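See below for run_29.cif, which holds mmCIF, N, CA and C atoms.
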data_coords
#
loop_
_atom_site.group_PDB
_atom_site.id
_atom_site.type_symbol
_atom_site.label_atom_id
_atom_site.label_comp_id
_atom_site.auth_asym_id
_atom_site.auth_seq_id
_atom_site.Cartn_x
_atom_site.Cartn_y
_atom_site.Cartn_z
ATOM 1 N N MET A 1470 -2.261 -160.813 3.572
ATOM 2 C CA MET A 1470 -3.520 -160.167 3.336
ATOM 3 C C MET A 1470 -4.650 -160.909 4.062
ATOM 4 N N ARG A 1471 -4.665 -162.245 3.944
ATOM 5 C CA ARG A 1471 -5.710 -163.030 4.607
ATOM 6 C C ARG A 1471 -5.597 -162.947 6.118
ATOM 7 N N ILE A 1472 -4.381 -162.925 6.614
ATOM 8 C CA ILE A 1472 -4.173 -162.848 8.060
ATOM 9 C C ILE A 1472 -4.677 -161.515 8.587
ATOM 10 N N THR A 1473 -4.394 -160.452 7.866
ATOM 11 C CA THR A 1473 -4.851 -159.123 8.270
ATOM 12 C C THR A 1473 -6.372 -159.061 8.297
ATOM 13 N N LEU A 1474 -7.017 -159.609 7.283
ATOM 14 C CA LEU A 1474 -8.475 -159.632 7.250
ATOM 15 C C LEU A 1474 -9.043 -160.497 8.371
ATOM 16 N N SER A 1475 -8.378 -161.601 8.643
ATOM 17 C CA SER A 1475 -8.829 -162.470 9.728
ATOM 18 C C SER A 1475 -8.737 -161.764 11.077
ATOM 19 N N ILE A 1476 -7.639 -161.072 11.299
ATOM 20 C CA ILE A 1476 -7.455 -160.344 12.561
ATOM 21 C C ILE A 1476 -8.492 -159.229 12.679
ATOM 22 N N LEU A 1477 -8.723 -158.493 11.602
ATOM 23 C CA LEU A 1477 -9.717 -157.426 11.612
ATOM 24 C C LEU A 1477 -11.124 -157.981 11.855
ATOM 25 N N GLY A 1478 -11.432 -159.098 11.237
ATOM 26 C CA GLY A 1478 -12.742 -159.730 11.437
ATOM 27 C C GLY A 1478 -12.921 -160.201 12.863
ATOM 28 N N LEU A 1479 -11.890 -160.772 13.445
ATOM 29 C CA LEU A 1479 -11.946 -161.223 14.828
ATOM 30 C C LEU A 1479 -12.120 -160.052 15.777
ATOM 31 N N MET A 1480 -11.407 -158.967 15.533
ATOM 32 C CA MET A 1480 -11.545 -157.779 16.374
ATOM 33 C C MET A 1480 -12.954 -157.205 16.258
ATOM 34 N N PHE A 1481 -13.507 -157.217 15.067
ATOM 35 C CA PHE A 1481 -14.857 -156.720 14.851
ATOM 36 C C PHE A 1481 -15.875 -157.551 15.629
ATOM 37 N N LEU A 1482 -15.730 -158.854 15.624
ATOM 38 C CA LEU A 1482 -16.661 -159.732 16.337
ATOM 39 C C LEU A 1482 -16.550 -159.580 17.847
ATOM 40 N N LEU A 1483 -15.343 -159.400 18.353
ATOM 41 C CA LEU A 1483 -15.139 -159.315 19.797
ATOM 42 C C LEU A 1483 -15.577 -157.985 20.392
ATOM 43 N N THR A 1484 -15.612 -156.941 19.596
ATOM 44 C CA THR A 1484 -15.989 -155.646 20.146
ATOM 45 C C THR A 1484 -17.476 -155.564 20.458
ATOM 46 N N GLY A 1485 -18.301 -156.367 19.841
ATOM 47 C CA GLY A 1485 -19.738 -156.301 20.068
ATOM 48 C C GLY A 1485 -20.258 -157.313 21.061
ATOM 49 N N CYS A 1486 -19.404 -158.040 21.744
ATOM 50 C CA CYS A 1486 -19.850 -159.098 22.648
ATOM 51 C C CYS A 1486 -20.099 -158.553 24.049
ATOM 52 N N SER A 1487 -21.334 -158.208 24.341
ATOM 53 C CA SER A 1487 -21.713 -157.748 25.667
ATOM 54 C C SER A 1487 -23.190 -158.031 25.860
ATOM 55 N N SER A 1488 -23.567 -158.447 27.068
ATOM 56 C CA SER A 1488 -24.969 -158.748 27.319
ATOM 57 C C SER A 1488 -25.721 -157.549 27.882
ATOM 58 N N SER A 1489 -25.034 -156.457 28.151
ATOM 59 C CA SER A 1489 -25.730 -155.281 28.672
ATOM 60 C C SER A 1489 -25.997 -154.295 27.540
ATOM 61 N N LEU A 1490 -27.052 -153.513 27.717
ATOM 62 C CA LEU A 1490 -27.414 -152.521 26.716
ATOM 63 C C LEU A 1490 -26.810 -151.167 27.066
ATOM 64 N N GLU A 1491 -26.954 -150.213 26.174
ATOM 65 C CA GLU A 1491 -26.414 -148.879 26.412
ATOM 66 C C GLU A 1491 -27.076 -148.201 27.604
ATOM 67 N N THR A 1492 -28.310 -148.571 27.888
ATOM 68 C CA THR A 1492 -29.038 -147.966 29.003
ATOM 69 C C THR A 1492 -28.608 -148.536 30.347
ATOM 70 N N GLY A 1493 -27.812 -149.591 30.336
ATOM 71 C CA GLY A 1493 -27.362 -150.211 31.577
ATOM 72 C C GLY A 1493 -28.158 -151.445 31.957
ATOM 73 N N TYR A 1494 -29.224 -151.753 31.206
ATOM 74 C CA TYR A 1494 -30.028 -152.931 31.490
ATOM 75 C C TYR A 1494 -29.213 -154.181 31.221
ATOM 76 N N GLN A 1495 -29.276 -155.137 32.138
ATOM 77 C CA GLN A 1495 -28.621 -156.417 31.940
ATOM 78 C C GLN A 1495 -29.669 -157.520 32.020
ATOM 79 N N PRO A 1496 -29.750 -158.384 31.018
ATOM 80 C CA PRO A 1496 -30.734 -159.463 31.032
ATOM 81 C C PRO A 1496 -30.536 -160.383 32.236
ATOM 82 N N GLN A 1497 -31.617 -160.891 32.758
ATOM 83 C CA GLN A 1497 -31.575 -161.758 33.933
ATOM 84 C C GLN A 1497 -31.471 -163.219 33.505
ATOM 85 N N ARG A 1498 -30.971 -164.043 34.405
ATOM 86 C CA ARG A 1498 -30.811 -165.461 34.113
ATOM 87 C C ARG A 1498 -32.169 -166.137 33.955
ATOM 88 N N LEU A 1499 -32.247 -167.131 33.081
ATOM 89 C CA LEU A 1499 -33.492 -167.862 32.883
ATOM 90 C C LEU A 1499 -33.792 -168.784 34.058
ATOM 91 N N GLY A 1500 -32.798 -169.330 34.701
ATOM 92 C CA GLY A 1500 -33.000 -170.289 35.778
ATOM 93 C C GLY A 1500 -33.048 -169.656 37.158
ATOM 94 N N ALA A 1501 -33.465 -168.418 37.263
ATOM 95 C CA ALA A 1501 -33.491 -167.718 38.556
ATOM 96 C C ALA A 1501 -34.601 -168.282 39.438
ATOM 97 N N SER A 1502 -34.356 -168.288 40.754
ATOM 98 C CA SER A 1502 -35.357 -168.775 41.699
ATOM 99 C C SER A 1502 -36.491 -167.761 41.824
ATOM 100 N N SER A 1503 -37.587 -168.168 42.457
ATOM 101 C CA SER A 1503 -38.723 -167.262 42.607
ATOM 102 C C SER A 1503 -38.356 -166.062 43.483
ATOM 103 N N ASN A 1504 -37.522 -166.268 44.513
ATOM 104 C CA ASN A 1504 -37.082 -165.145 45.338
ATOM 105 C C ASN A 1504 -36.271 -164.143 44.523
ATOM 106 N N THR A 1505 -35.426 -164.642 43.655
ATOM 107 C CA THR A 1505 -34.600 -163.768 42.825
ATOM 108 C C THR A 1505 -35.461 -162.992 41.836
ATOM 109 N N ARG A 1506 -36.453 -163.660 41.242
ATOM 110 C CA ARG A 1506 -37.337 -162.967 40.304
ATOM 111 C C ARG A 1506 -38.133 -161.867 41.004
ATOM 112 N N ARG A 1507 -38.580 -162.116 42.237
ATOM 113 C CA ARG A 1507 -39.299 -161.084 42.986
ATOM 114 C C ARG A 1507 -38.388 -159.905 43.304
ATOM 115 N N ALA A 1508 -37.124 -160.180 43.563
ATOM 116 C CA ALA A 1508 -36.174 -159.129 43.929
ATOM 117 C C ALA A 1508 -35.860 -158.207 42.751
ATOM 118 N N TYR A 1509 -36.067 -158.680 41.514
ATOM 119 C CA TYR A 1509 -35.815 -157.829 40.357
ATOM 120 C C TYR A 1509 -36.668 -156.566 40.412
ATOM 121 N N TYR A 1510 -37.884 -156.695 40.935
ATOM 122 C CA TYR A 1510 -38.833 -155.582 40.935
ATOM 123 C C TYR A 1510 -38.996 -154.928 42.303
ATOM 124 N N ALA A 1511 -38.321 -155.441 43.310
ATOM 125 C CA ALA A 1511 -38.442 -154.898 44.666
ATOM 126 C C ALA A 1511 -37.418 -153.795 44.890
ATOM 127 N N SER A 1512 -37.659 -152.993 45.916
ATOM 128 C CA SER A 1512 -36.683 -151.966 46.262
ATOM 129 C C SER A 1512 -35.433 -152.640 46.845
ATOM 130 N N PRO A 1513 -34.287 -151.979 46.801
ATOM 131 C CA PRO A 1513 -33.015 -152.617 47.145
ATOM 132 C C PRO A 1513 -32.930 -153.186 48.568
ATOM 133 N N TYR A 1514 -33.606 -152.593 49.549
ATOM 134 C CA TYR A 1514 -33.454 -153.041 50.935
ATOM 135 C C TYR A 1514 -34.735 -153.662 51.482
ATOM 136 N N SER A 1515 -35.553 -154.216 50.617
ATOM 137 C CA SER A 1515 -36.808 -154.821 51.048
ATOM 138 C C SER A 1515 -36.579 -156.272 51.471
ATOM 139 N N ALA A 1516 -37.628 -156.873 52.005
ATOM 140 C CA ALA A 1516 -37.550 -158.276 52.428
ATOM 141 C C ALA A 1516 -37.285 -159.195 51.242
ATOM 142 N N GLU A 1517 -37.862 -158.872 50.085
ATOM 143 C CA GLU A 1517 -37.639 -159.695 48.892
ATOM 144 C C GLU A 1517 -36.179 -159.656 48.455
ATOM 145 N N ALA A 1518 -35.581 -158.479 48.513
ATOM 146 C CA ALA A 1518 -34.173 -158.350 48.134
ATOM 147 C C ALA A 1518 -33.278 -159.105 49.114
ATOM 148 N N ASN A 1519 -33.614 -159.062 50.395
ATOM 149 C CA ASN A 1519 -32.836 -159.808 51.390
ATOM 150 C C ASN A 1519 -32.958 -161.308 51.172
ATOM 151 N N ALA A 1520 -34.163 -161.789 50.846
ATOM 152 C CA ALA A 1520 -34.352 -163.221 50.583
ATOM 153 C C ALA A 1520 -33.536 -163.663 49.374
ATOM 154 N N ALA A 1521 -33.509 -162.841 48.345
ATOM 155 C CA ALA A 1521 -32.722 -163.175 47.153
ATOM 156 C C ALA A 1521 -31.235 -163.202 47.477
ATOM 157 N N ALA A 1522 -30.773 -162.269 48.309
ATOM 158 C CA ALA A 1522 -29.357 -162.250 48.694
ATOM 159 C C ALA A 1522 -28.996 -163.493 49.495
ATOM 160 N N GLN A 1523 -29.901 -163.940 50.355
ATOM 161 C CA GLN A 1523 -29.648 -165.161 51.132
ATOM 162 C C GLN A 1523 -29.609 -166.380 50.221
ATOM 163 N N ASP A 1524 -30.498 -166.431 49.225
ATOM 164 C CA ASP A 1524 -30.469 -167.532 48.258
ATOM 165 C C ASP A 1524 -29.152 -167.548 47.493
ATOM 166 N N LYS A 1525 -28.695 -166.367 47.094
ATOM 167 C CA LYS A 1525 -27.437 -166.276 46.352
ATOM 168 C C LYS A 1525 -26.267 -166.728 47.218
ATOM 169 N N ASP A 1526 -26.255 -166.305 48.486
ATOM 170 C CA ASP A 1526 -25.182 -166.724 49.398
ATOM 171 C C ASP A 1526 -25.200 -168.233 49.610
ATOM 172 N N ALA A 1527 -26.399 -168.812 49.731
ATOM 173 C CA ALA A 1527 -26.507 -170.265 49.913
ATOM 174 C C ALA A 1527 -26.021 -171.003 48.670
ATOM 175 N N GLU A 1528 -26.320 -170.466 47.483
ATOM 176 C CA GLU A 1528 -25.865 -171.089 46.244
ATOM 177 C C GLU A 1528 -24.344 -171.039 46.131
ATOM 178 N N ILE A 1529 -23.767 -169.908 46.492
ATOM 179 C CA ILE A 1529 -22.304 -169.777 46.450
ATOM 180 C C ILE A 1529 -21.661 -170.736 47.452
ATOM 181 N N GLU A 1530 -22.225 -170.828 48.647
ATOM 182 C CA GLU A 1530 -21.692 -171.733 49.668
ATOM 183 C C GLU A 1530 -21.778 -173.187 49.209
ATOM 184 N N ALA A 1531 -22.843 -173.556 48.508
ATOM 185 C CA ALA A 1531 -22.994 -174.926 48.022
ATOM 186 C C ALA A 1531 -21.961 -175.249 46.951
ATOM 187 N N ARG A 1532 -21.547 -174.274 46.175
ATOM 188 C CA ARG A 1532 -20.570 -174.505 45.119
ATOM 189 C C ARG A 1532 -19.121 -174.479 45.608
ATOM 190 N N ARG A 1533 -18.912 -173.937 46.802
ATOM 191 C CA ARG A 1533 -17.562 -173.794 47.336
ATOM 192 C C ARG A 1533 -16.980 -175.177 47.654
ATOM 193 N N PRO A 1534 -15.785 -175.478 47.210
ATOM 194 C CA PRO A 1534 -15.184 -176.775 47.504
ATOM 195 C C PRO A 1534 -14.865 -176.906 48.999
ATOM 196 N N ARG A 1535 -15.062 -178.073 49.518
ATOM 197 C CA ARG A 1535 -14.804 -178.350 50.927
ATOM 198 C C ARG A 1535 -13.340 -178.764 51.108
ATOM 199 N N PRO A 1536 -12.666 -178.254 52.128
ATOM 200 C CA PRO A 1536 -11.271 -178.671 52.355
ATOM 201 C C PRO A 1536 -11.214 -180.118 52.837
ATOM 202 N N GLY A 1537 -10.231 -180.819 52.393
ATOM 203 C CA GLY A 1537 -10.015 -182.188 52.833
ATOM 204 C C GLY A 1537 -10.716 -183.242 52.008
ATOM 205 N N PHE A 1538 -11.399 -182.852 50.949
ATOM 206 C CA PHE A 1538 -12.084 -183.867 50.119
ATOM 207 C C PHE A 1538 -11.312 -184.115 48.876
#
Will you turn the file into structure tokens for me?
Amino acid sequence: MRITLSILGLMFLLTGCSSSLETGYQPQRLGASSNTRRAYYASPYSAEANAAAQDKDAEIEARRPRPGF
């Protein structure tokens, strides 16, 4: 009986874990750069959006492990 309740409780908790809303809005990161924050409100192919994409690519490249180290 306790195991069944535990499993049901766990399933109940896991079904509600999502950071997006029903409208499709997804909260933005708190530590976003100024270029990224500007891109939130810019049109998709504007200079601000391109700058944010370049910042994101640079961040990903910095995190990528280097071969031979």
Write out as a PDB file with N, CA and C atoms, in the frame of the given file each polymer residue whose atoms come within 12 Å of Arg1498 (chain A), counting only C-alpha atoms; drop sequence neighbours fewer than 5 positions from it.
ATOM      1  N   SER A1488     -23.567-158.447  27.068  1.00  0.00           N
ATOM      2  CA  SER A1488     -24.969-158.748  27.319  1.00  0.00           C
ATOM      3  C   SER A1488     -25.721-157.549  27.882  1.00  0.00           C
ATOM      4  N   SER A1503     -37.587-168.168  42.457  1.00  0.00           N
ATOM      5  CA  SER A1503     -38.723-167.262  42.607  1.00  0.00           C
ATOM      6  C   SER A1503     -38.356-166.062  43.483  1.00  0.00           C
ATOM      7  N   THR A1505     -35.426-164.642  43.655  1.00  0.00           N
ATOM      8  CA  THR A1505     -34.600-163.768  42.825  1.00  0.00           C
ATOM      9  C   THR A1505     -35.461-162.992  41.836  1.00  0.00           C
ATOM     10  N   ARG A1506     -36.453-163.660  41.242  1.00  0.00           N
ATOM     11  CA  ARG A1506     -37.337-162.967  40.304  1.00  0.00           C
ATOM     12  C   ARG A1506     -38.133-161.867  41.004  1.00  0.00           C
ATOM     13  N   TYR A1509     -36.067-158.680  41.514  1.00  0.00           N
ATOM     14  CA  TYR A1509     -35.815-157.829  40.357  1.00  0.00           C
ATOM     15  C   TYR A1509     -36.668-156.566  40.412  1.00  0.00           C
TER      16      TYR A1509
END
Taking all listed atoms of region 1524-1529 of chain A, build the axis-aligned box, pad each of the six sides by 8 Å, then write its centre and edge lengths in Å to one decimal as JSON.
{"center_x": -26.1, "center_y": -168.7, "center_z": 48.0, "size_x": 24.8, "size_y": 20.8, "size_z": 19.8}
Test item: residues at most 12 Å from Ala1501 (chain A), only C-alpha atoms, excluding those fewer than 6 positions along its chain, as a ChimeraX atom specification: /A:1507-1509,1521,1524-1525,1528
Atom-to-atom span, atom N of Arg1535 (chain A) and atom N of Ala1522 (chain A), Å: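 Interatomic distance, atom N of Arg1535 (chain A) to atom N of Ala1522 (chain A): 22.3 Å.
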Between atom N of Gln1523 (chain A) and CA of Tyr1510 (chain A), distance in Å (one decimal):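 That distance, rounded to one decimal, is 15.4 Å.
In this model, the gap between atom C of Ile1529 (chain A) and atom C of Ser1502 (chain A) comes to 16.1 Å.
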